[in-house]
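Student: File work_9.pdb follows (PDB, C-alpha atoms and all ligand atoms):
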ATOM      1  CA  MET A   1     -86.020-162.308  28.287
ATOM      2  CA  ARG A   2     -85.368-159.427  30.690
ATOM      3  CA  LYS A   3     -81.730-159.316  29.534
ATOM      4  CA  LEU A   4     -82.901-159.072  25.953
ATOM      5  CA  THR A   5     -85.235-156.174  26.793
ATOM      6  CA  VAL A   6     -82.424-154.342  28.569
ATOM      7  CA  LEU A   7     -80.154-154.909  25.570
ATOM      8  CA  VAL A   8     -82.796-153.663  23.118
ATOM      9  CA  ILE A   9     -83.401-150.541  25.217
ATOM     10  CA  PHE A  10     -79.622-149.988  25.490
ATOM     11  CA  PHE A  11     -79.167-150.192  21.727
ATOM     12  CA  LEU A  12     -82.170-147.970  21.079
ATOM     13  CA  VAL A  13     -80.794-145.318  23.461
ATOM     14  CA  ALA A  14     -77.326-145.622  21.925
ATOM     15  CA  ALA A  15     -78.787-145.292  18.419
ATOM     16  CA  CYS A  16     -80.749-142.200  19.460
ATOM     17  CA  LEU A  17     -77.636-140.620  20.974
ATOM     18  CA  LEU A  18     -75.618-141.361  17.852
ATOM     19  CA  CYS A  19     -78.332-139.834  15.683
ATOM     20  CA  PHE A  20     -78.991-136.683  17.640
ATOM     21  CA  CYS A  21     -75.785-135.807  19.438
ATOM     22  CA  PRO A  22     -73.778-134.767  16.349
ATOM     23  CA  VAL A  23     -76.718-132.653  15.159
ATOM     24  CA  VAL A  24     -77.012-130.921  18.517
ATOM     25  CA  VAL A  25     -73.255-130.340  18.731
ATOM     26  CA  THR A  26     -73.076-129.153  15.083
ATOM     27  CA  ALA A  27     -75.966-126.730  15.454
ATOM     28  CA  HIS A  28     -74.390-125.347  18.577
ATOM     29  CA  TYR A  29     -70.935-125.062  17.004
ATOM     30  CA  TYR A  30     -72.078-123.057  13.984
ATOM     31  CA  LEU A  31     -73.840-120.296  15.865
ATOM     32  CA  PRO A  32     -72.370-116.875  14.986
ATOM     33  CA  HIS A  33     -70.829-114.540  17.497
ATOM     34  CA  ARG A  34     -72.817-111.398  18.184
ATOM     35  CA  PHE A  35     -71.160-108.022  18.716
ATOM     36  CA  VAL A  36     -73.308-105.382  20.348
ATOM     37  CA  GLY A  37     -71.946-101.901  20.584
ATOM     38  CA  THR A  38     -71.684 -98.164  20.243
ATOM     39  CA  ALA A  39     -69.470 -96.013  18.016
ATOM     40  CA  LYS A  40     -67.909 -92.585  18.428
ATOM     41  CA  VAL A  41     -66.040 -90.482  15.852
ATOM     42  CA  ASP A  42     -63.939 -87.639  17.225
ATOM     43  CA  GLY A  43     -65.556 -88.254  20.608
ATOM     44  CA  VAL A  44     -69.114 -87.824  19.306
ATOM     45  CA  TRP A  45     -71.683 -90.621  18.952
ATOM     46  CA  VAL A  46     -72.156 -91.451  15.275
ATOM     47  CA  PRO A  47     -75.563 -90.491  13.859
ATOM     48  CA  GLU A  48     -78.346 -92.877  12.973
ATOM     49  CA  GLY A  49     -77.672 -94.658   9.656
ATOM     50  CA  THR A  50     -73.882 -94.840   9.995
ATOM     51  CA  GLU A  51     -72.513 -98.056   8.485
ATOM     52  CA  ILE A  52     -70.658-100.373  10.867
ATOM     53  CA  SER A  53     -68.956-103.518   9.599
ATOM     54  CA  ALA A  54     -66.933-106.424  10.997
ATOM     55  CA  TRP A  55     -63.894-107.795   9.126
ATOM     56  CA  VAL A  56     -61.649-110.814   9.674
ATOM     57  CA  ASN A  57     -58.483-111.321   7.608
ATOM     58  CA  GLY A  58     -59.585-108.518   5.278
ATOM     59  CA  ILE A  59     -63.003-110.078   4.562
ATOM     60  CA  LYS A  60     -66.206-108.313   5.565
ATOM     61  CA  TYR A  61     -68.484-110.772   7.364
ATOM     62  CA  ALA A  62     -71.162-108.493   8.812
ATOM     63  CA  GLU A  63     -72.546-105.055   8.104
ATOM     64  CA  THR A  64     -75.315-102.957   9.588
ATOM     65  CA  THR A  65     -76.337 -99.343  10.093
ATOM     66  CA  THR A  66     -76.631 -97.694  13.459
ATOM     67  CA  LEU A  67     -79.889 -96.937  15.180
ATOM     68  CA  SER A  68     -80.467 -93.647  16.954
ATOM     69  CA  LEU A  69     -79.105 -93.482  20.472
ATOM     70  CA  PRO A  70     -81.875 -92.185  22.753
ATOM     71  CA  ASN A  71     -79.572 -92.245  25.723
ATOM     72  CA  GLN A  72     -75.869 -92.720  25.844
ATOM     73  CA  GLN A  73     -76.043 -95.927  27.879
ATOM     74  CA  SER A  74     -77.676 -98.062  25.225
ATOM     75  CA  TRP A  75     -76.330 -99.874  22.142
ATOM     76  CA  GLN A  76     -76.396 -98.598  18.571
ATOM     77  CA  PHE A  77     -75.750-101.723  16.489
ATOM     78  CA  ILE A  78     -75.695-105.531  16.393
ATOM     79  CA  LEU A  79     -73.293-107.477  14.162
ATOM     80  CA  ASP A  80     -73.547-111.259  13.828
ATOM     81  CA  VAL A  81     -70.224-112.621  12.572
ATOM     82  CA  PRO A  82     -70.595-116.162  11.154
ATOM     83  CA  VAL A  83     -68.314-119.017  12.134
ATOM     84  CA  ASP A  84     -66.330-121.001   9.593
ATOM     85  CA  ASP A  85     -67.770-124.417   8.759
ATOM     86  CA  VAL A  86     -65.008-126.927   9.600
ATOM     87  CA  ARG A  87     -66.635-129.528   7.341
ATOM     88  CA  THR A  88     -65.683-127.447   4.278
ATOM     89  CA  PRO A  89     -61.935-126.878   4.649
ATOM     90  CA  ASP A  90     -61.657-125.391   1.148
ATOM     91  CA  ASP A  91     -64.227-122.673   1.801
ATOM     92  CA  VAL A  92     -64.123-119.919   4.387
ATOM     93  CA  GLU A  93     -67.649-119.117   5.494
ATOM     94  CA  GLY A  94     -66.741-117.088   8.550
ATOM     95  CA  ALA A  95     -64.243-116.585  11.334
ATOM     96  CA  MET A  96     -62.443-119.178  13.437
ATOM     97  CA  ASP A  97     -61.902-119.214  17.158
ATOM     98  CA  GLY A  98     -59.157-116.861  18.241
ATOM     99  CA  GLU A  99     -59.150-114.713  15.084
ATOM    100  CA  ILE A 100     -59.148-110.945  15.408
ATOM    101  CA  VAL A 101     -62.243-108.993  14.370
ATOM    102  CA  VAL A 102     -61.619-105.498  12.976
ATOM    103  CA  PHE A 103     -64.456-102.976  12.957
ATOM    104  CA  LYS A 104     -64.937-100.211  10.424
ATOM    105  CA  ILE A 105     -67.120 -97.132  10.559
ATOM    106  CA  LYS A 106     -68.336 -95.589   7.300
ATOM    107  CA  ARG A 107     -69.698 -92.090   7.280
ATOM    108  CA  ILE A 108     -72.612 -91.791   4.876
ATOM    109  CA  ALA A 109     -71.665 -88.281   3.725
ATOM    110  CA  ASP A 110     -68.164 -89.021   2.481
ATOM    111  CA  TRP A 111     -68.203 -92.762   1.706
ATOM    112  CA  ASP A 112     -64.871 -93.521   3.394
ATOM    113  CA  TYR A 113     -64.174 -96.354   5.835
ATOM    114  CA  MET A 114     -62.519 -95.492   9.115
ATOM    115  CA  VAL A 115     -60.958 -98.315  11.112
ATOM    116  CA  ALA A 116     -61.921 -98.362  14.784
ATOM    117  CA  HIS A 117     -59.112 -98.499  17.343
ATOM    118  CA  GLU A 118     -60.802-101.406  19.125
ATOM    119  CA  THR A 119     -60.689-105.026  17.949
ATOM    120  CA  ALA A 120     -62.214-108.194  19.402
ATOM    121  CA  VAL A 121     -61.269-111.856  19.575
ATOM    122  CA  PHE A 122     -63.714-114.119  17.742
ATOM    123  CA  TYR A 123     -65.199-117.252  19.233
ATOM    124  CA  PHE A 124     -68.317-119.103  18.154
ATOM    125  CA  ASN A 125     -71.596-118.384  19.891
ATOM    126  CA  GLY A 126     -72.050-115.853  22.664
ATOM    127  CA  TYR A 127     -71.832-112.091  22.459
ATOM    128  CA  THR A 128     -69.372-109.305  23.161
ATOM    129  CA  LEU A 129     -69.985-105.657  23.969
ATOM    130  CA  VAL A 130     -67.782-103.249  21.996
ATOM    131  CA  SER A 131     -67.372 -99.476  22.306
ATOM    132  CA  LEU A 132     -65.814 -98.361  19.033
ATOM    133  CA  THR A 133     -63.864 -95.110  18.644
ATOM    134  CA  THR A 134     -61.997 -93.489  15.773
ATOM    135  CA  GLU A 135     -61.059 -90.089  14.386
ATOM    136  CA  VAL A 136     -61.784 -88.428  11.062
ATOM    137  CA  PRO A 137     -58.514 -88.440   9.106
ATOM    138  CA  PRO A 138     -57.111 -85.018   8.161
ATOM    139  CA  PRO A 139     -58.187 -84.035   4.632
ATOM    140  CA  ALA A 140     -55.925 -84.106   1.582
ATOM    141  CA  THR A 141     -55.202 -81.493  -1.095
ATOM    142  CA  LEU A 142     -55.082 -81.644  -4.906
ATOM    143  CA  GLU A 143     -52.712 -79.349  -6.773
ATOM    144  CA  GLY A 144     -53.789 -79.694 -10.407
ATOM    145  CA  GLN A 145     -52.297 -78.453 -13.655
ATOM    146  CA  VAL A 146     -53.858 -78.170 -17.113
ATOM    147  CA  HIS A 147     -52.309 -76.966 -20.369
ATOM    148  CA  LEU A 148     -54.255 -74.884 -22.874
ATOM    149  CA  GLN A 149     -54.175 -74.455 -26.639
ATOM    150  CA  GLY A 150     -54.189 -71.235 -28.625
ATOM    151  CA  ARG A 151     -52.829 -68.954 -25.907
ATOM    152  CA  PRO A 152     -49.570 -67.073 -25.471
ATOM    153  CA  ALA A 153     -46.974 -68.781 -23.280
ATOM    154  CA  PRO A 154     -47.845 -68.672 -19.548
ATOM    155  CA  PRO A 155     -48.028 -66.790 -17.292
ATOM    156  CA  ASN A 156     -50.806 -65.024 -19.164
ATOM    157  CA  SER A 157     -54.295 -63.949 -18.089
ATOM    158  CA  ARG A 158     -55.799 -65.967 -20.970
ATOM    159  CA  TRP A 159     -54.743 -69.111 -19.068
ATOM    160  CA  GLU A 160     -57.176 -68.244 -16.246
ATOM    161  CA  THR A 161     -59.802 -70.847 -17.069
ATOM    162  CA  PRO A 162     -62.933 -72.131 -15.290
ATOM    163  CA  LEU A 163     -62.832 -75.897 -14.774
ATOM    164  CA  ARG A 164     -65.294 -78.448 -13.511
ATOM    165  CA  VAL A 165     -63.381 -81.077 -11.533
ATOM    166  CA  THR A 166     -65.250 -84.362 -10.952
ATOM    167  CA  PHE A 167     -64.175 -87.019  -8.432
ATOM    168  CA  LEU A 168     -65.293 -90.553  -9.276
ATOM    169  CA  PRO A 169     -66.670 -93.165  -8.689
ATOM    170  CA  VAL A 170     -68.955 -91.349  -6.249
ATOM    171  CA  VAL A 171     -69.584 -88.141  -8.151
ATOM    172  CA  THR A 172     -68.646 -84.954  -6.381
ATOM    173  CA  THR A 173     -67.769 -81.877  -8.371
ATOM    174  CA  GLU A 174     -65.797 -78.747  -7.674
ATOM    175  CA  ASP A 175     -65.800 -75.634  -9.843
ATOM    176  CA  VAL A 176     -62.435 -73.903  -9.876
ATOM    177  CA  ILE A 177     -60.640 -71.207 -11.881
ATOM    178  CA  THR A 178     -57.023 -71.818 -12.765
ATOM    179  CA  ASP A 179     -54.321 -69.222 -12.254
ATOM    180  CA  ASP A 180     -52.470 -67.590 -15.162
ATOM    181  CA  GLU A 181     -50.371 -70.745 -15.596
ATOM    182  CA  GLY A 182     -53.254 -73.255 -15.613
ATOM    183  CA  ARG A 183     -52.863 -74.366 -11.985
ATOM    184  CA  PHE A 184     -55.580 -74.898  -9.405
ATOM    185  CA  THR A 185     -55.911 -76.192  -5.837
ATOM    186  CA  ILE A 186     -58.723 -78.131  -4.154
ATOM    187  CA  ASP A 187     -58.625 -78.562  -0.367
ATOM    188  CA  ASN A 188     -60.593 -80.739   2.037
ATOM    189  CA  ILE A 189     -60.524 -83.928  -0.017
ATOM    190  CA  VAL A 190     -61.529 -87.012   1.972
ATOM    191  CA  PRO A 191     -58.553 -89.419   1.846
ATOM    192  CA  ASP A 192     -59.326 -92.188  -0.665
ATOM    193  CA  THR A 193     -58.523 -93.262  -4.230
ATOM    194  CA  TYR A 194     -60.261 -91.396  -7.035
ATOM    195  CA  ASN A 195     -60.505 -91.091 -10.784
ATOM    196  CA  ILE A 196     -60.487 -87.344 -11.487
ATOM    197  CA  ARG A 197     -61.911 -85.680 -14.591
ATOM    198  CA  VAL A 198     -61.430 -82.027 -15.528
ATOM    199  CA  LYS A 199     -63.386 -80.150 -18.198
ATOM    200  CA  ASN A 200     -63.789 -76.610 -19.406
ATOM    201  CA  SER A 201     -66.989 -75.576 -21.227
ATOM    202  CA  HIS A 202     -65.211 -75.354 -24.626
ATOM    203  CA  THR A 203     -62.570 -78.090 -24.257
ATOM    204  CA  LEU A 204     -62.703 -81.861 -24.171
ATOM    205  CA  SER A 205     -62.228 -83.448 -20.765
ATOM    206  CA  ARG A 206     -59.141 -85.131 -19.412
ATOM    207  CA  LEU A 207     -59.226 -88.053 -16.946
ATOM    208  CA  VAL A 208     -56.537 -89.292 -14.561
ATOM    209  CA  THR A 209     -57.334 -92.594 -12.837
ATOM    210  CA  GLY A 210     -56.315 -94.132  -9.533
ATOM    211  CA  VAL A 211     -55.121 -90.994  -7.762
ATOM    212  CA  VAL A 212     -54.398 -91.901  -4.140
ATOM    213  CA  PHE A 213     -54.936 -89.229  -1.500
ATOM    214  CA  TYR A 214     -53.380 -90.032   1.857
ATOM    215  CA  ALA A 215     -54.581 -88.243   4.959
ATOM    216  CA  GLY A 216     -53.090 -84.787   5.233
ATOM    217  CA  ALA A 217     -51.066 -85.138   2.028
ATOM    218  CA  THR A 218     -50.915 -82.922  -1.063
ATOM    219  CA  VAL A 219     -51.050 -84.694  -4.433
ATOM    220  CA  VAL A 220     -49.799 -82.958  -7.596
ATOM    221  CA  VAL A 221     -51.561 -84.070 -10.801
ATOM    222  CA  ASP A 222     -50.832 -82.871 -14.343
ATOM    223  CA  PHE A 223     -53.961 -83.476 -16.421
ATOM    224  CA  GLY A 224     -52.231 -82.663 -19.703
ATOM    225  CA  THR A 225     -53.556 -80.525 -22.541
ATOM    226  CA  LEU A 226     -57.296 -79.820 -22.768
ATOM    227  CA  PRO A 227     -58.209 -80.037 -26.479
ATOM    228  CA  GLU A 228     -60.169 -76.937 -27.621
ATOM    229  CA  GLY A 229     -63.136 -76.777 -29.966
ATOM    230  CA  ASP A 230     -66.136 -78.115 -27.991
ATOM    231  CA  GLY A 231     -68.295 -75.019 -28.539
ATOM    232  CA  ASN A 232     -71.541 -76.742 -27.518
ATOM    233  CA  ASP A 233     -69.994 -78.420 -24.435
ATOM    234  CA  ASP A 234     -70.969 -82.021 -25.222
ATOM    235  CA  ASN A 235     -67.408 -83.394 -24.928
ATOM    236  CA  VAL A 236     -67.101 -84.068 -28.667
ATOM    237  CA  VAL A 237     -65.517 -81.849 -31.340
ATOM    238  CA  ASP A 238     -67.659 -82.408 -34.427
ATOM    239  CA  ILE A 239     -69.760 -80.750 -37.116
ATOM    240  CA  ASP A 240     -72.167 -79.291 -34.529
ATOM    241  CA  ASP A 241     -69.325 -77.206 -33.114
ATOM    242  CA  VAL A 242     -68.325 -76.048 -36.595
ATOM    243  CA  THR A 243     -71.950 -75.022 -37.308
ATOM    244  CA  LEU A 244     -72.168 -73.138 -34.033
ATOM    245  CA  LEU A 245     -68.861 -71.339 -34.632
ATOM    246  CA  ALA A 246     -69.934 -70.386 -38.175
ATOM    247  CA  THR A 247     -72.896 -68.386 -36.800
ATOM    248  CA  SER A 248     -70.482 -66.352 -34.690
ATOM    249  CA  PHE A 249     -67.575 -66.092 -37.130
ATOM    250  CA  GLY A 250     -66.016 -62.635 -37.357
ATOM    251  CA  LYS A 251     -67.875 -61.361 -34.285
ATOM    252  CA  SER A 252     -66.152 -59.733 -31.334
ATOM    253  CA  SER A 253     -67.066 -59.707 -27.653
ATOM    254  CA  GLY A 254     -70.044 -57.375 -27.103
ATOM    255  CA  GLN A 255     -71.323 -57.640 -30.705
ATOM    256  CA  PRO A 256     -74.738 -59.236 -31.345
ATOM    257  CA  GLY A 257     -74.296 -62.893 -32.291
ATOM    258  CA  PHE A 258     -70.931 -63.280 -30.555
ATOM    259  CA  ILE A 259     -70.791 -66.690 -28.861
ATOM    260  CA  ASP A 260     -68.295 -66.544 -26.024
ATOM    261  CA  ASN A 261     -67.978 -70.340 -25.863
ATOM    262  CA  CYS A 262     -66.691 -70.409 -29.470
ATOM    263  CA  ASP A 263     -63.839 -68.048 -28.638
ATOM    264  CA  PHE A 264     -61.467 -70.910 -27.897
ATOM    265  CA  THR A 265     -58.339 -68.747 -27.874
ATOM    266  CA  ARG A 266     -59.911 -66.303 -25.376
ATOM    267  CA  ASP A 267     -58.824 -63.225 -27.298
ATOM    268  CA  GLY A 268     -62.335 -61.731 -27.555
ATOM    269  CA  VAL A 269     -62.998 -62.568 -31.201
ATOM    270  CA  VAL A 270     -64.214 -65.643 -33.093
ATOM    271  CA  ASP A 271     -61.884 -65.898 -36.066
ATOM    272  CA  ILE A 272     -59.588 -68.156 -38.069
ATOM    273  CA  ASP A 273     -57.492 -69.001 -34.983
ATOM    274  CA  ASP A 274     -60.560 -70.589 -33.354
ATOM    275  CA  VAL A 275     -61.362 -72.467 -36.584
ATOM    276  CA  THR A 276     -57.787 -73.785 -36.586
ATOM    277  CA  LEU A 277     -58.297 -75.294 -33.108
ATOM    278  CA  ILE A 278     -61.550 -77.006 -34.169
ATOM    279  CA  ALA A 279     -59.734 -78.434 -37.189
ATOM    280  CA  LEU A 280     -56.877 -79.635 -34.969
ATOM    281  CA  ASN A 281     -59.179 -81.621 -32.659
ATOM    282  CA  PHE A 282     -62.008 -82.455 -35.085
ATOM    283  CA  GLY A 283     -63.507 -85.916 -34.618
ATOM    284  CA  THR A 284     -62.125 -86.467 -31.103
ATOM    285  CA  PHE A 285     -63.971 -86.747 -27.814
ATOM    286  CA  GLY A 286     -63.209 -86.616 -24.110
ATOM    287  CA  PRO A 287     -63.243 -89.437 -21.530
TER     288      PRO A 287
HETATM  289 CA    CA A 301     -65.000-123.866   5.915
HETATM  290 CA    CA A 302     -69.148 -80.411 -29.197
HETATM  291 CA    CA A 303     -60.601 -66.349 -30.520
END
Could you show the structure in this file as structure tokens?
Tutor:
Amino acid sequence: MRKLTVLVIFFLVAACLLCFCPVVVTAHYYLPHRFVGTAKVDGVWVPEGTEISAWVNGIKYAETTTLSLPNQQSWQFILDVPVDDVRTPDDVEGAMDGEIVVFKIKRIADWDYMVAHETAVFYFNGYTLVSLTTEVPPPATLEGQVHLQGRPAPPNSRWETPLRVTFLPVVTTEDVITDDEGRFTIDNIVPDTYNIRVKNSHTLSRLVTGVVFYAGATVVVDFGTLPEGDGNDDNVVDIDDVTLLATSFGKSSGQPGFIDNCDFTRDGVVDIDDVTLIALNFGTFGP
């Protein structure tokens, strides 16, 4: 009888261990690793709200924004990087032991990621203190070129044209004036890849996509010919532009009723040459 009791207790204990041990081990194994740290750009602590992220094998696993740093001894951010679930070999839910964690710092003002010099080795559970540092990359330069209709061959002062240059997808705009050959320069561009649109107030726009600006480099972009005739500046050449031009037809600069934005040829008079340009581009629109 006593033997039986001992056996029953033994089996009960064994059953309990079998039931609970895997759960305990599993729960422990899948705890993320916590990175606690500070970040400096060009030797200066990053401001509150700076985005910090943790990447493994090119995948972002954690992201946060920095807190203010009341004193320079404390931490600014916490990143919890998840661990991969070994029970799902076809899916990657996080990092594996021994993999390298790369940290990126994203400045709010200019939307670019900067890779920190420091990396860390991932292991499940636990935490690691990191002090991230990086430098702002040197800016890039755009040397742009547009071609214009209805002017004498360049160089000519009638090629000096105001342009609005828009960098996408995050919209920033620059207003420039081309030289007498339709060229312009924009400095201090944050290195990144952009779609760039140029427009003059009486032409359709032109768009060049996927322009890559490397740090410190100058990129030359020819935007092609800007089609004239958009007198009302809505990026379409249509009947509204014809109507607008008609009210100004035959008028010269300085005369009542002269509409400067309908003088597409920039010769100081709205006449048949401007009508010819509307006719040339009628029914088209800009990107
Ligand atoms: Ca997995
Ligand atoms: Ca128009
Ligand atoms: Ca004209």
Student: Per residue of chain A within 12 Å of ligand CA 301 (chain A), which atom pair is closest and at what distance in Å (one decimal), using all atoms listed in the file, listed by chain and increasing number, as JSON lines?
Tutor:
{"residue": "A:Tyr30", "atom": "CA", "partner": "A:CA301", "partner_atom": "CA", "distance": 10.8}
{"residue": "A:Pro82", "atom": "CA", "partner": "A:CA301", "partner_atom": "CA", "distance": 10.9}
{"residue": "A:Val83", "atom": "CA", "partner": "A:CA301", "partner_atom": "CA", "distance": 8.6}
{"residue": "A:Asp84", "atom": "CA", "partner": "A:CA301", "partner_atom": "CA", "distance": 4.8}
{"residue": "A:Asp85", "atom": "CA", "partner": "A:CA301", "partner_atom": "CA", "distance": 4.0}
{"residue": "A:Val86", "atom": "CA", "partner": "A:CA301", "partner_atom": "CA", "distance": 4.8}
{"residue": "A:Arg87", "atom": "CA", "partner": "A:CA301", "partner_atom": "CA", "distance": 6.1}
{"residue": "A:Thr88", "atom": "CA", "partner": "A:CA301", "partner_atom": "CA", "distance": 4.0}
{"residue": "A:Pro89", "atom": "CA", "partner": "A:CA301", "partner_atom": "CA", "distance": 4.5}
{"residue": "A:Asp90", "atom": "CA", "partner": "A:CA301", "partner_atom": "CA", "distance": 6.0}
{"residue": "A:Asp91", "atom": "CA", "partner": "A:CA301", "partner_atom": "CA", "distance": 4.4}
{"residue": "A:Val92", "atom": "CA", "partner": "A:CA301", "partner_atom": "CA", "distance": 4.3}
{"residue": "A:Glu93", "atom": "CA", "partner": "A:CA301", "partner_atom": "CA", "distance": 5.5}
{"residue": "A:Gly94", "atom": "CA", "partner": "A:CA301", "partner_atom": "CA", "distance": 7.5}
{"residue": "A:Ala95", "atom": "CA", "partner": "A:CA301", "partner_atom": "CA", "distance": 9.1}
{"residue": "A:Met96", "atom": "CA", "partner": "A:CA301", "partner_atom": "CA", "distance": 9.2}
Student: Would you mind listing the residues within 12 Å of ligand CA 303 (chain A), counting all atoms listed in the file, as a ChimeraX atom specification?
Tutor: /A:149-151,158,202,228-229,231,245,248-253,258-278
Student: Evaluate the PyMOL selection byres (((not hetatm)) within 8 of (chain A and resi 302)) here and jot the selected residues down as a PyMOL selection string.
Tutor: chain A and resi 202+229-241
Student: Between CA of Val101 (chain A) and CA of Phe35 (chain A), measure the distance and give it in Å to one decimal.
Tutor: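 Distance between the two atoms: 10.0 Å.
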Student: For the contact check between region 99-188 of chain A and region 52-72 of chain A, emit one row per residue of region 99-188 of chain A within 10 Å, containing the shortest atom pair and the distance in Å rounded to one decimal, counting all atoms listed in the file, chain then rising number order, as CSV.
Tutor:
residue,atom,partner,partner_atom,distance
A:Glu99,CA,A:Val56,CA,7.1
A:Ile100,CA,A:Val56,CA,6.3
A:Val101,CA,A:Val56,CA,5.1
A:Val102,CA,A:Trp55,CA,5.0
A:Phe103,CA,A:Ala54,CA,4.7
A:Lys104,CA,A:Ser53,CA,5.3
A:Ile105,CA,A:Ile52,CA,4.8
A:Lys106,CA,A:Ile52,CA,6.4
A:Arg107,CA,A:Ile52,CA,9.1
A:Ile108,CA,A:Thr65,CA,9.9
A:Tyr113,CA,A:Ile52,CA,9.1
A:Met114,CA,A:Ile52,CA,9.7
A:Val115,CA,A:Ser53,CA,9.7
A:Ala116,CA,A:Ile52,CA,9.8
A:Thr119,CA,A:Ala54,CA,9.4
A:Ala120,CA,A:Ala54,CA,9.8
A:Val121,CA,A:Val56,CA,10.0
A:Phe122,CA,A:Val56,CA,9.0
A:Leu132,CA,A:Ile52,CA,9.7
Student: On this structure, which residues satisfy the PyMOL selection byres (((chain A and resi 205) around 8) and not hetatm), written as a ChimeraX atom specification?
Tutor: /A:197-200,203-204,206-207,226-227,235,285-287
Student: Save out the residues we just selected, C-alpha atoms, as a compact mmCIF listing (two decimals), keeping the file's coordinate frame.
Tutor:
# COMPACT_ATOMS: atom_id res chain seq x y z
CA ARG A 197 -61.91 -85.68 -14.59
CA VAL A 198 -61.43 -82.03 -15.53
CA LYS A 199 -63.39 -80.15 -18.20
CA ASN A 200 -63.79 -76.61 -19.41
CA THR A 203 -62.57 -78.09 -24.26
CA LEU A 204 -62.70 -81.86 -24.17
CA ARG A 206 -59.14 -85.13 -19.41
CA LEU A 207 -59.23 -88.05 -16.95
CA LEU A 226 -57.30 -79.82 -22.77
CA PRO A 227 -58.21 -80.04 -26.48
CA ASN A 235 -67.41 -83.39 -24.93
CA PHE A 285 -63.97 -86.75 -27.81
CA GLY A 286 -63.21 -86.62 -24.11
CA PRO A 287 -63.24 -89.44 -21.53
Student: Could you work out an axis-aligned bounding box for all listed atoms of region 134-138 of chain A, with 5 Å added on each of the six sides, and give its centre and edge lengths in Å to one decimal, as JSON?
Tutor:
{"center_x": -59.6, "center_y": -89.3, "center_z": 12.0, "size_x": 14.9, "size_y": 18.5, "size_z": 17.6}
Student: I need the residue set behind the PyMOL selection byres (((chain A and resi 210-220) around 12) and not hetatm) for this file; please write it as JSON, numbers by chain.
Tutor: {"A": [112, 114, 135, 136, 137, 138, 139, 140, 141, 142, 143, 144, 145, 146, 167, 168, 169, 183, 184, 185, 186, 187, 188, 189, 190, 191, 192, 193, 194, 195, 196, 197, 207, 208, 209, 221, 222, 223]}
Student: Go through A:Gln255, A:Pro32, A:Asp80, A:Ser201 and flag the residue nearest Val165 (chain A), using all atoms listed in the file for the distances.
Tutor: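 Closest residue, counting all atoms listed in the file: A:Ser201.
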Student: CA of Leu129 (chain A) to CA of Gly37 (chain A): how many Å, to one decimal?
Tutor: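 Those two atoms sit 5.4 Å apart.
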